[in-house]
Every structure is written in C-alpha cells, then in structure tokens.
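Note sheet for the following structure.
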Amino acid sequence: MDSHERKTRTLRRSNAESRRVTREAVRGALFRMLQSTRLREIKIVDLVRIAGISRSAFYRNYASVEDVLMDAIDAPIQQIQDAVSKNSAENWRMIICAVRDNEAQLKVLAESGLFHVLLDRMNAGCDPDDYRMAMWNGLIFSVIHRWVQNGMHESDEAILGVIDGESRRLAHAIQNA
C-alpha cells in the first residue's frame with residue numbers, strides 16, 4: 001500500500017469517526033432539549049449550539065430536527081424487529097436489553113408525549129400487508145410503553161417473563177385456531 005492509499009484510508013476513517021461523533025452530539029442535545037422543550041419548538045440553531053457543532057455539520061448529517069429523532073430511535077427499533085422476527089426467549093431478552101440500553105431516551109420520549117413515534121417508526125419499516133409484524137410491534141410497544149411510564153422499576157426478568165409467556169400463549173392460540 002502506497003502513501004496515498006494510507007492517507008486516503010485514514011481520511012475515510014477520520015470522516016466516519018467525525019460523522020459518528022457529530023451525530024451522537026446532536027442526538028444527545030436533542031434529548032436534553034426534549035426534557036424542557038416540545039419537539040416542534042426546537043430550533044436547529046439552538047440544537048447545534050447545545051451540541052457544540054456548526055450548522056453545516058448539522059446539515060451534512062440531518063435535514064431536520066425530526067430526522068435527528070428518527071435516527072435516534074432507529075437503532076433500538078432495528079434490534080426489536082430483529083428479535084421479533086425470530087420469536088425466541090433469547091431474542092426477547094435482546095428487546096429488553098435494547099430498551100434498558102436506551103432507557104434515558106425512551107423516558108424522555110414518554111415524558112415529551114412522543115412515545116407514539118416509536119410505534120409509528122416500528123410499523124413504517126414493515127411491509128404494509130404484514131399484519132403479523134404489526135401485531136408483534138403493537139404488543140411489544142404496549143409493554144415497553146407501560147414499563148417506561150412506570151419508571152422501569154420492574155426487573156428485566158419480570159418484563160421478559162411477561163413478554164415471553166404471553167407471546168407463547170398467543171402463538172399457541174394462533175396455531176390452534
């Protein structure tokens with residue numbers, strides 16, 4: 001590998017790292033702001049000031065404040081949907097871990113009246129004719145929403161037991177229908 005190739009590879013890594021850091025800063029700033037400000041009142045100028053980035057850095061990564069919110073909830077949604085598609089106890093554990101890992105952001109969404117965005121985003125990623133996935137999304141969303149609203153005081157194992165037990169009963173009922 002020649003010198004030019006090494007420099008190019010380093011630059012790509014630096015750009016990717018810079019993009020990751022910028023996006024994390026913006027998402028963090030958004031959730032801090034959501035604790036005291038409604039989503040529709042959040043201005044990009046305030047968001048970039050709190051994130052400590054330039055407006056051009058913001059626009060290289062996002063088109064709007066709503067895009068930041070969607071980006072912030074996409075990772076846990078993907079984890080949840082991957083787990084749902086397999087419907088096993090270990091995958092249900094992955095859902096609980098995804099919720100626990102994103103506890104602070106989910107609490108902010110609930111307190112801000114934006115928790116419904118999670119279900120909307122979960123369903124947006126599904127085939128419109130896939131009623132099975134819509135059903136699982138609704139079930140998972142309802143349990144997660146209730147858990148978050150109640151302060152997530154119940155143990156992960158307790159919630160896992162509810163989801164796993166009910167999903168098994170539901171799957172059994174559907175098979176015997």
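Just remember, in the structure tokens the first chain shown is A, the second B, etc., residues are 1-based per chain, and ligands are 1-based in the order shown.
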Which residues, written as a PDB file with N, CA, C and O atoms, in the first residue's frame, have at least one atom at most 6 Å from stretch 35-52 of chain A, with only C-alpha atoms counted and residues fewer than 4 positions away on the same chain left out?
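Produced file result-v9.pdb, reproduced below:
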ATOM      1  N   ALA A  25     -23.494  13.772  19.252  1.00  0.00           N
ATOM      2  CA  ALA A  25     -23.647  15.066  19.920  1.00  0.00           C
ATOM      3  C   ALA A  25     -25.025  15.664  19.635  1.00  0.00           C
ATOM      4  O   ALA A  25     -25.688  16.181  20.544  1.00  0.00           O
ATOM      5  N   VAL A  26     -25.458  15.576  18.398  1.00  0.00           N
ATOM      6  CA  VAL A  26     -26.761  16.140  18.023  1.00  0.00           C
ATOM      7  C   VAL A  26     -27.893  15.360  18.696  1.00  0.00           C
ATOM      8  O   VAL A  26     -28.831  15.950  19.237  1.00  0.00           O
ATOM      9  N   ALA A  29     -27.961  16.255  22.346  1.00  0.00           N
ATOM     10  CA  ALA A  29     -28.518  17.605  22.526  1.00  0.00           C
ATOM     11  C   ALA A  29     -30.034  17.590  22.361  1.00  0.00           C
ATOM     12  O   ALA A  29     -30.761  18.251  23.130  1.00  0.00           O
TER      13      ALA A  29
END
Please identify all polymer residues within 12 Å of A:His145, counting only C-alpha atoms, omitting same-chain residues fewer than 4 positions from it, and present them as a PDB file with all heavy atoms, in the first residue's frame.
ATOM      1  N   VAL A  99     -34.165  -1.903  25.230  1.00  0.00           N
ATOM      2  CA  VAL A  99     -34.931  -0.908  25.988  1.00  0.00           C
ATOM      3  C   VAL A  99     -34.088  -0.370  27.137  1.00  0.00           C
ATOM      4  O   VAL A  99     -33.999   0.843  27.349  1.00  0.00           O
ATOM      5  CB  VAL A  99     -36.256  -1.504  26.502  1.00  0.00           C
ATOM      6  CG1 VAL A  99     -36.962  -0.536  27.443  1.00  0.00           C
ATOM      7  CG2 VAL A  99     -37.152  -1.864  25.323  1.00  0.00           C
ATOM      8  N   GLU A 103     -32.858   3.493  27.895  1.00  0.00           N
ATOM      9  CA  GLU A 103     -33.811   3.894  28.938  1.00  0.00           C
ATOM     10  C   GLU A 103     -33.980   5.406  29.038  1.00  0.00           C
ATOM     11  O   GLU A 103     -35.104   5.910  29.049  1.00  0.00           O
ATOM     12  CB  GLU A 103     -33.346   3.322  30.279  1.00  0.00           C
ATOM     13  CG  GLU A 103     -34.245   3.647  31.437  1.00  0.00           C
ATOM     14  CD  GLU A 103     -33.785   2.973  32.730  1.00  0.00           C
ATOM     15  OE1 GLU A 103     -32.903   2.082  32.696  1.00  0.00           O
ATOM     16  OE2 GLU A 103     -34.318   3.350  33.772  1.00  0.00           O
ATOM     17  N   LEU A 106     -35.868   6.804  26.011  1.00  0.00           N
ATOM     18  CA  LEU A 106     -37.268   6.372  25.994  1.00  0.00           C
ATOM     19  C   LEU A 106     -38.078   7.110  27.050  1.00  0.00           C
ATOM     20  O   LEU A 106     -39.233   7.473  26.815  1.00  0.00           O
ATOM     21  CB  LEU A 106     -37.359   4.860  26.185  1.00  0.00           C
ATOM     22  CG  LEU A 106     -36.812   4.039  25.014  1.00  0.00           C
ATOM     23  CD1 LEU A 106     -36.756   2.562  25.376  1.00  0.00           C
ATOM     24  CD2 LEU A 106     -37.632   4.257  23.758  1.00  0.00           C
ATOM     25  N   LYS A 107     -37.483   7.362  28.206  1.00  0.00           N
ATOM     26  CA  LYS A 107     -38.179   8.127  29.244  1.00  0.00           C
ATOM     27  C   LYS A 107     -38.453   9.551  28.774  1.00  0.00           C
ATOM     28  O   LYS A 107     -39.524  10.096  29.005  1.00  0.00           O
ATOM     29  CB  LYS A 107     -37.388   8.123  30.547  1.00  0.00           C
ATOM     30  CG  LYS A 107     -37.476   6.794  31.269  1.00  0.00           C
ATOM     31  CD  LYS A 107     -36.686   6.802  32.572  1.00  0.00           C
ATOM     32  CE  LYS A 107     -36.874   5.483  33.307  1.00  0.00           C
ATOM     33  NZ  LYS A 107     -36.116   5.428  34.569  1.00  0.00           N
ATOM     34  N   VAL A 108     -37.480  10.150  28.086  1.00  0.00           N
ATOM     35  CA  VAL A 108     -37.680  11.497  27.545  1.00  0.00           C
ATOM     36  C   VAL A 108     -38.796  11.481  26.509  1.00  0.00           C
ATOM     37  O   VAL A 108     -39.656  12.373  26.503  1.00  0.00           O
ATOM     38  CB  VAL A 108     -36.372  12.071  26.955  1.00  0.00           C
ATOM     39  CG1 VAL A 108     -36.631  13.354  26.178  1.00  0.00           C
ATOM     40  CG2 VAL A 108     -35.345  12.307  28.058  1.00  0.00           C
ATOM     41  N   LEU A 109     -38.810  10.480  25.635  1.00  0.00           N
ATOM     42  CA  LEU A 109     -39.894  10.381  24.646  1.00  0.00           C
ATOM     43  C   LEU A 109     -41.248  10.290  25.338  1.00  0.00           C
ATOM     44  O   LEU A 109     -42.207  10.955  24.931  1.00  0.00           O
ATOM     45  CB  LEU A 109     -39.698   9.170  23.738  1.00  0.00           C
ATOM     46  CG  LEU A 109     -38.596   9.240  22.701  1.00  0.00           C
ATOM     47  CD1 LEU A 109     -38.491   7.916  21.956  1.00  0.00           C
ATOM     48  CD2 LEU A 109     -38.827  10.379  21.723  1.00  0.00           C
ATOM     49  N   ALA A 110     -41.346   9.465  26.379  1.00  0.00           N
ATOM     50  CA  ALA A 110     -42.620   9.305  27.099  1.00  0.00           C
ATOM     51  C   ALA A 110     -43.023  10.607  27.778  1.00  0.00           C
ATOM     52  O   ALA A 110     -44.178  11.039  27.674  1.00  0.00           O
ATOM     53  CB  ALA A 110     -42.508   8.171  28.120  1.00  0.00           C
ATOM     54  N   GLU A 111     -42.081  11.251  28.452  1.00  0.00           N
ATOM     55  CA  GLU A 111     -42.381  12.498  29.157  1.00  0.00           C
ATOM     56  C   GLU A 111     -42.724  13.626  28.196  1.00  0.00           C
ATOM     57  O   GLU A 111     -43.455  14.544  28.544  1.00  0.00           O
ATOM     58  CB  GLU A 111     -41.192  12.898  30.030  1.00  0.00           C
ATOM     59  CG  GLU A 111     -40.972  11.954  31.200  1.00  0.00           C
ATOM     60  CD  GLU A 111     -39.597  12.098  31.846  1.00  0.00           C
ATOM     61  OE1 GLU A 111     -38.807  12.963  31.414  1.00  0.00           O
ATOM     62  OE2 GLU A 111     -39.327  11.318  32.778  1.00  0.00           O
ATOM     63  N   GLY A 113     -44.399  13.226  25.426  1.00  0.00           N
ATOM     64  CA  GLY A 113     -45.583  12.884  24.641  1.00  0.00           C
ATOM     65  C   GLY A 113     -45.238  12.400  23.243  1.00  0.00           C
ATOM     66  O   GLY A 113     -46.075  12.471  22.339  1.00  0.00           O
ATOM     67  N   LEU A 114     -44.016  11.908  23.045  1.00  0.00           N
ATOM     68  CA  LEU A 114     -43.572  11.481  21.722  1.00  0.00           C
ATOM     69  C   LEU A 114     -43.374   9.978  21.613  1.00  0.00           C
ATOM     70  O   LEU A 114     -42.834   9.494  20.630  1.00  0.00           O
ATOM     71  CB  LEU A 114     -42.245  12.181  21.363  1.00  0.00           C
ATOM     72  CG  LEU A 114     -42.315  13.680  21.166  1.00  0.00           C
ATOM     73  CD1 LEU A 114     -40.913  14.261  21.062  1.00  0.00           C
ATOM     74  CD2 LEU A 114     -43.134  14.013  19.929  1.00  0.00           C
ATOM     75  N   PHE A 115     -43.812   9.217  22.604  1.00  0.00           N
ATOM     76  CA  PHE A 115     -43.556   7.785  22.591  1.00  0.00           C
ATOM     77  C   PHE A 115     -44.214   7.101  21.395  1.00  0.00           C
ATOM     78  O   PHE A 115     -43.679   6.137  20.861  1.00  0.00           O
ATOM     79  CB  PHE A 115     -44.025   7.146  23.906  1.00  0.00           C
ATOM     80  CG  PHE A 115     -43.231   5.935  24.283  1.00  0.00           C
ATOM     81  CD1 PHE A 115     -42.027   6.056  24.933  1.00  0.00           C
ATOM     82  CD2 PHE A 115     -43.685   4.663  23.979  1.00  0.00           C
ATOM     83  CE1 PHE A 115     -41.276   4.941  25.278  1.00  0.00           C
ATOM     84  CE2 PHE A 115     -42.951   3.540  24.318  1.00  0.00           C
ATOM     85  CZ  PHE A 115     -41.735   3.683  24.974  1.00  0.00           C
ATOM     86  N   HIS A 116     -45.338   7.628  20.955  1.00  0.00           N
ATOM     87  CA  HIS A 116     -46.037   7.055  19.800  1.00  0.00           C
ATOM     88  C   HIS A 116     -45.171   7.029  18.553  1.00  0.00           C
ATOM     89  O   HIS A 116     -45.367   6.197  17.664  1.00  0.00           O
ATOM     90  CB  HIS A 116     -47.329   7.831  19.512  1.00  0.00           C
ATOM     91  CG  HIS A 116     -47.062   9.248  19.094  1.00  0.00           C
ATOM     92  ND1 HIS A 116     -46.887   9.597  17.784  1.00  0.00           N
ATOM     93  CD2 HIS A 116     -46.919  10.384  19.820  1.00  0.00           C
ATOM     94  CE1 HIS A 116     -46.649  10.903  17.709  1.00  0.00           C
ATOM     95  NE2 HIS A 116     -46.655  11.394  18.934  1.00  0.00           N
ATOM     96  N   VAL A 117     -44.180   7.923  18.489  1.00  0.00           N
ATOM     97  CA  VAL A 117     -43.276   7.962  17.333  1.00  0.00           C
ATOM     98  C   VAL A 117     -42.541   6.630  17.214  1.00  0.00           C
ATOM     99  O   VAL A 117     -42.256   6.169  16.114  1.00  0.00           O
ATOM    100  CB  VAL A 117     -42.287   9.140  17.455  1.00  0.00           C
ATOM    101  CG1 VAL A 117     -41.241   9.107  16.353  1.00  0.00           C
ATOM    102  CG2 VAL A 117     -43.044  10.464  17.429  1.00  0.00           C
ATOM    103  N   LEU A 118     -42.268   6.005  18.343  1.00  0.00           N
ATOM    104  CA  LEU A 118     -41.586   4.709  18.339  1.00  0.00           C
ATOM    105  C   LEU A 118     -42.418   3.674  17.585  1.00  0.00           C
ATOM    106  O   LEU A 118     -41.907   2.989  16.703  1.00  0.00           O
ATOM    107  CB  LEU A 118     -41.331   4.255  19.779  1.00  0.00           C
ATOM    108  CG  LEU A 118     -40.519   3.000  19.984  1.00  0.00           C
ATOM    109  CD1 LEU A 118     -39.095   3.185  19.494  1.00  0.00           C
ATOM    110  CD2 LEU A 118     -40.517   2.608  21.450  1.00  0.00           C
ATOM    111  N   LEU A 119     -43.704   3.556  17.902  1.00  0.00           N
ATOM    112  CA  LEU A 119     -44.566   2.596  17.206  1.00  0.00           C
ATOM    113  C   LEU A 119     -44.729   2.971  15.737  1.00  0.00           C
ATOM    114  O   LEU A 119     -44.673   2.099  14.866  1.00  0.00           O
ATOM    115  CB  LEU A 119     -45.931   2.484  17.881  1.00  0.00           C
ATOM    116  CG  LEU A 119     -46.902   1.506  17.231  1.00  0.00           C
ATOM    117  CD1 LEU A 119     -46.349   0.077  17.243  1.00  0.00           C
ATOM    118  CD2 LEU A 119     -48.256   1.556  17.926  1.00  0.00           C
ATOM    119  N   ASN A 137     -45.375  -5.746  16.839  1.00  0.00           N
ATOM    120  CA  ASN A 137     -44.947  -4.382  17.161  1.00  0.00           C
ATOM    121  C   ASN A 137     -45.875  -3.748  18.187  1.00  0.00           C
ATOM    122  O   ASN A 137     -45.415  -3.095  19.123  1.00  0.00           O
ATOM    123  CB  ASN A 137     -44.896  -3.512  15.900  1.00  0.00           C
ATOM    124  CG  ASN A 137     -43.712  -3.807  15.018  1.00  0.00           C
ATOM    125  OD1 ASN A 137     -42.764  -4.463  15.430  1.00  0.00           O
ATOM    126  ND2 ASN A 137     -43.770  -3.341  13.782  1.00  0.00           N
ATOM    127  N   GLY A 138     -47.168  -3.914  17.998  1.00  0.00           N
ATOM    128  CA  GLY A 138     -48.134  -3.357  18.938  1.00  0.00           C
ATOM    129  C   GLY A 138     -48.006  -3.953  20.328  1.00  0.00           C
ATOM    130  O   GLY A 138     -48.036  -3.243  21.339  1.00  0.00           O
ATOM    131  N   LEU A 139     -47.838  -5.267  20.392  1.00  0.00           N
ATOM    132  CA  LEU A 139     -47.675  -5.942  21.679  1.00  0.00           C
ATOM    133  C   LEU A 139     -46.421  -5.449  22.388  1.00  0.00           C
ATOM    134  O   LEU A 139     -46.460  -5.069  23.562  1.00  0.00           O
ATOM    135  CB  LEU A 139     -47.588  -7.453  21.450  1.00  0.00           C
ATOM    136  CG  LEU A 139     -47.335  -8.306  22.685  1.00  0.00           C
ATOM    137  CD1 LEU A 139     -48.272  -9.500  22.679  1.00  0.00           C
ATOM    138  CD2 LEU A 139     -45.897  -8.771  22.721  1.00  0.00           C
ATOM    139  N   ILE A 140     -45.319  -5.444  21.687  1.00  0.00           N
ATOM    140  CA  ILE A 140     -44.050  -5.025  22.284  1.00  0.00           C
ATOM    141  C   ILE A 140     -44.108  -3.556  22.684  1.00  0.00           C
ATOM    142  O   ILE A 140     -43.695  -3.170  23.776  1.00  0.00           O
ATOM    143  CB  ILE A 140     -42.883  -5.298  21.321  1.00  0.00           C
ATOM    144  CG1 ILE A 140     -42.701  -6.806  21.172  1.00  0.00           C
ATOM    145  CG2 ILE A 140     -41.606  -4.640  21.795  1.00  0.00           C
ATOM    146  CD1 ILE A 140     -41.868  -7.191  19.992  1.00  0.00           C
ATOM    147  N   PHE A 141     -44.637  -2.734  21.793  1.00  0.00           N
ATOM    148  CA  PHE A 141     -44.751  -1.310  22.081  1.00  0.00           C
ATOM    149  C   PHE A 141     -45.557  -1.079  23.355  1.00  0.00           C
ATOM    150  O   PHE A 141     -45.160  -0.288  24.217  1.00  0.00           O
ATOM    151  CB  PHE A 141     -45.413  -0.584  20.899  1.00  0.00           C
ATOM    152  CG  PHE A 141     -45.738   0.842  21.202  1.00  0.00           C
ATOM    153  CD1 PHE A 141     -44.764   1.823  21.093  1.00  0.00           C
ATOM    154  CD2 PHE A 141     -47.012   1.204  21.613  1.00  0.00           C
ATOM    155  CE1 PHE A 141     -45.060   3.148  21.390  1.00  0.00           C
ATOM    156  CE2 PHE A 141     -47.310   2.525  21.908  1.00  0.00           C
ATOM    157  CZ  PHE A 141     -46.341   3.501  21.796  1.00  0.00           C
ATOM    158  N   GLN A 149     -43.409   4.125  31.330  1.00  0.00           N
ATOM    159  CA  GLN A 149     -44.284   5.024  32.086  1.00  0.00           C
ATOM    160  C   GLN A 149     -44.231   4.732  33.580  1.00  0.00           C
ATOM    161  O   GLN A 149     -44.348   5.649  34.394  1.00  0.00           O
ATOM    162  CB  GLN A 149     -45.734   4.898  31.606  1.00  0.00           C
ATOM    163  CG  GLN A 149     -46.012   5.622  30.328  1.00  0.00           C
ATOM    164  CD  GLN A 149     -47.471   5.501  29.935  1.00  0.00           C
ATOM    165  OE1 GLN A 149     -48.072   4.431  30.024  1.00  0.00           O
ATOM    166  NE2 GLN A 149     -48.036   6.603  29.497  1.00  0.00           N
ATOM    167  N   ASN A 150     -44.060   3.474  33.938  1.00  0.00           N
ATOM    168  CA  ASN A 150     -43.999   3.085  35.349  1.00  0.00           C
ATOM    169  C   ASN A 150     -42.599   3.251  35.934  1.00  0.00           C
ATOM    170  O   ASN A 150     -42.344   2.805  37.050  1.00  0.00           O
ATOM    171  CB  ASN A 150     -44.479   1.644  35.533  1.00  0.00           C
ATOM    172  CG  ASN A 150     -45.971   1.514  35.328  1.00  0.00           C
ATOM    173  OD1 ASN A 150     -46.710   2.492  35.386  1.00  0.00           O
ATOM    174  ND2 ASN A 150     -46.425   0.299  35.070  1.00  0.00           N
ATOM    175  N   GLY A 151     -41.692   3.844  35.182  1.00  0.00           N
ATOM    176  CA  GLY A 151     -40.362   4.128  35.685  1.00  0.00           C
ATOM    177  C   GLY A 151     -39.368   2.992  35.552  1.00  0.00           C
ATOM    178  O   GLY A 151     -38.273   3.059  36.100  1.00  0.00           O
ATOM    179  N   MET A 152     -39.755   1.917  34.867  1.00  0.00           N
ATOM    180  CA  MET A 152     -38.892   0.752  34.641  1.00  0.00           C
ATOM    181  C   MET A 152     -38.362   0.178  35.952  1.00  0.00           C
ATOM    182  O   MET A 152     -37.227  -0.257  36.049  1.00  0.00           O
ATOM    183  CB  MET A 152     -37.746   1.095  33.673  1.00  0.00           C
ATOM    184  CG  MET A 152     -38.245   1.430  32.280  1.00  0.00           C
ATOM    185  SD  MET A 152     -36.958   1.848  31.090  1.00  0.00           S
ATOM    186  CE  MET A 152     -36.154   0.280  30.874  1.00  0.00           C
ATOM    187  N   ILE A 159     -40.191  -8.393  33.213  1.00  0.00           N
ATOM    188  CA  ILE A 159     -40.757  -7.971  31.928  1.00  0.00           C
ATOM    189  C   ILE A 159     -40.543  -9.059  30.886  1.00  0.00           C
ATOM    190  O   ILE A 159     -41.431  -9.352  30.083  1.00  0.00           O
ATOM    191  CB  ILE A 159     -40.140  -6.629  31.478  1.00  0.00           C
ATOM    192  CG1 ILE A 159     -40.459  -5.528  32.491  1.00  0.00           C
ATOM    193  CG2 ILE A 159     -40.603  -6.248  30.084  1.00  0.00           C
ATOM    194  CD1 ILE A 159     -41.958  -5.289  32.733  1.00  0.00           C
TER     195      ILE A 159
END
For A:Val68, find every residue with an atom within 8 Å (counting only C-alpha atoms), except residues of its own chain fewer than 3 positions away, and show them as number ranges by chain. A: 26-27, 30, 62, 64-65, 71-72
Using only C-alpha atoms, pick whichever of A:Ala124, A:Asn91, A:Val21, A:Ser56 has the shortest atom-to-atom distance to A:Ser167.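 Answer, going by the shortest atom-to-atom distance: A:Asn91.
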Between A:Arg132, A:Arg121, A:Arg93, A:Arg23, which is the closest to A:Ile163 once you count only C-alpha atoms? A:Arg93
Of the candidates A:Ser18, A:Pro76, A:Phe58, A:Asp129, which one gets nearest to A:Gln105 if we count only C-alpha atoms?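 Among A:Ser18, A:Pro76, A:Phe58, A:Asp129, it is A:Pro76 that comes nearest to A:Gln105.
Note that the spacing between atom CA of A:Asn123 and atom CA of A:Val148 amounts to 19.6 Å.
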Could you pull out the alpha helix (DSSP H) residues of stretch 22-152 of chain A from DSSP and send them as a PyMOL selection string? chain A and resi 22-34+44-51+55-61+65-86+89-101+103-111+116-124+131-149
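In this comparison, which uses only C-alpha atoms, the residue of A:Ile144, A:Ile95, A:Met135, A:Met33 approaching A:Gln78 most closely is A:Ile95.
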Closest to A:Glu157 among A:Ile77, A:Ala104, A:Ala63, A:Met94, using only C-alpha atoms?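 Closest candidate: A:Met94.
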With a distance cut-off of 12 Å and only C-alpha atoms, select the neighbouring residues of A:Glu166, excluding the residue or stretch itself and same-chain residues fewer than 4 positions from it, and output the selection as a list in words. Asn87, Ala89, Trp92, Trp136, Leu139, Ile140, Val143, Ile159, Leu160, Gly161, Val162, Leu170, Ala171, His172 and Ala173 of chain A
Find the distance between atom CA of A:Asn15 and atom CA of A:Gly28 and write it in Å to one decimal.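 Computing the Euclidean distance for atom CA of A:Asn15 and atom CA of A:Gly28 yields 19.8 Å.
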Work out how far apart atom CA of A:Cys97 and atom CA of A:Pro128 are and give it in Å to one decimal. 27.3 Å
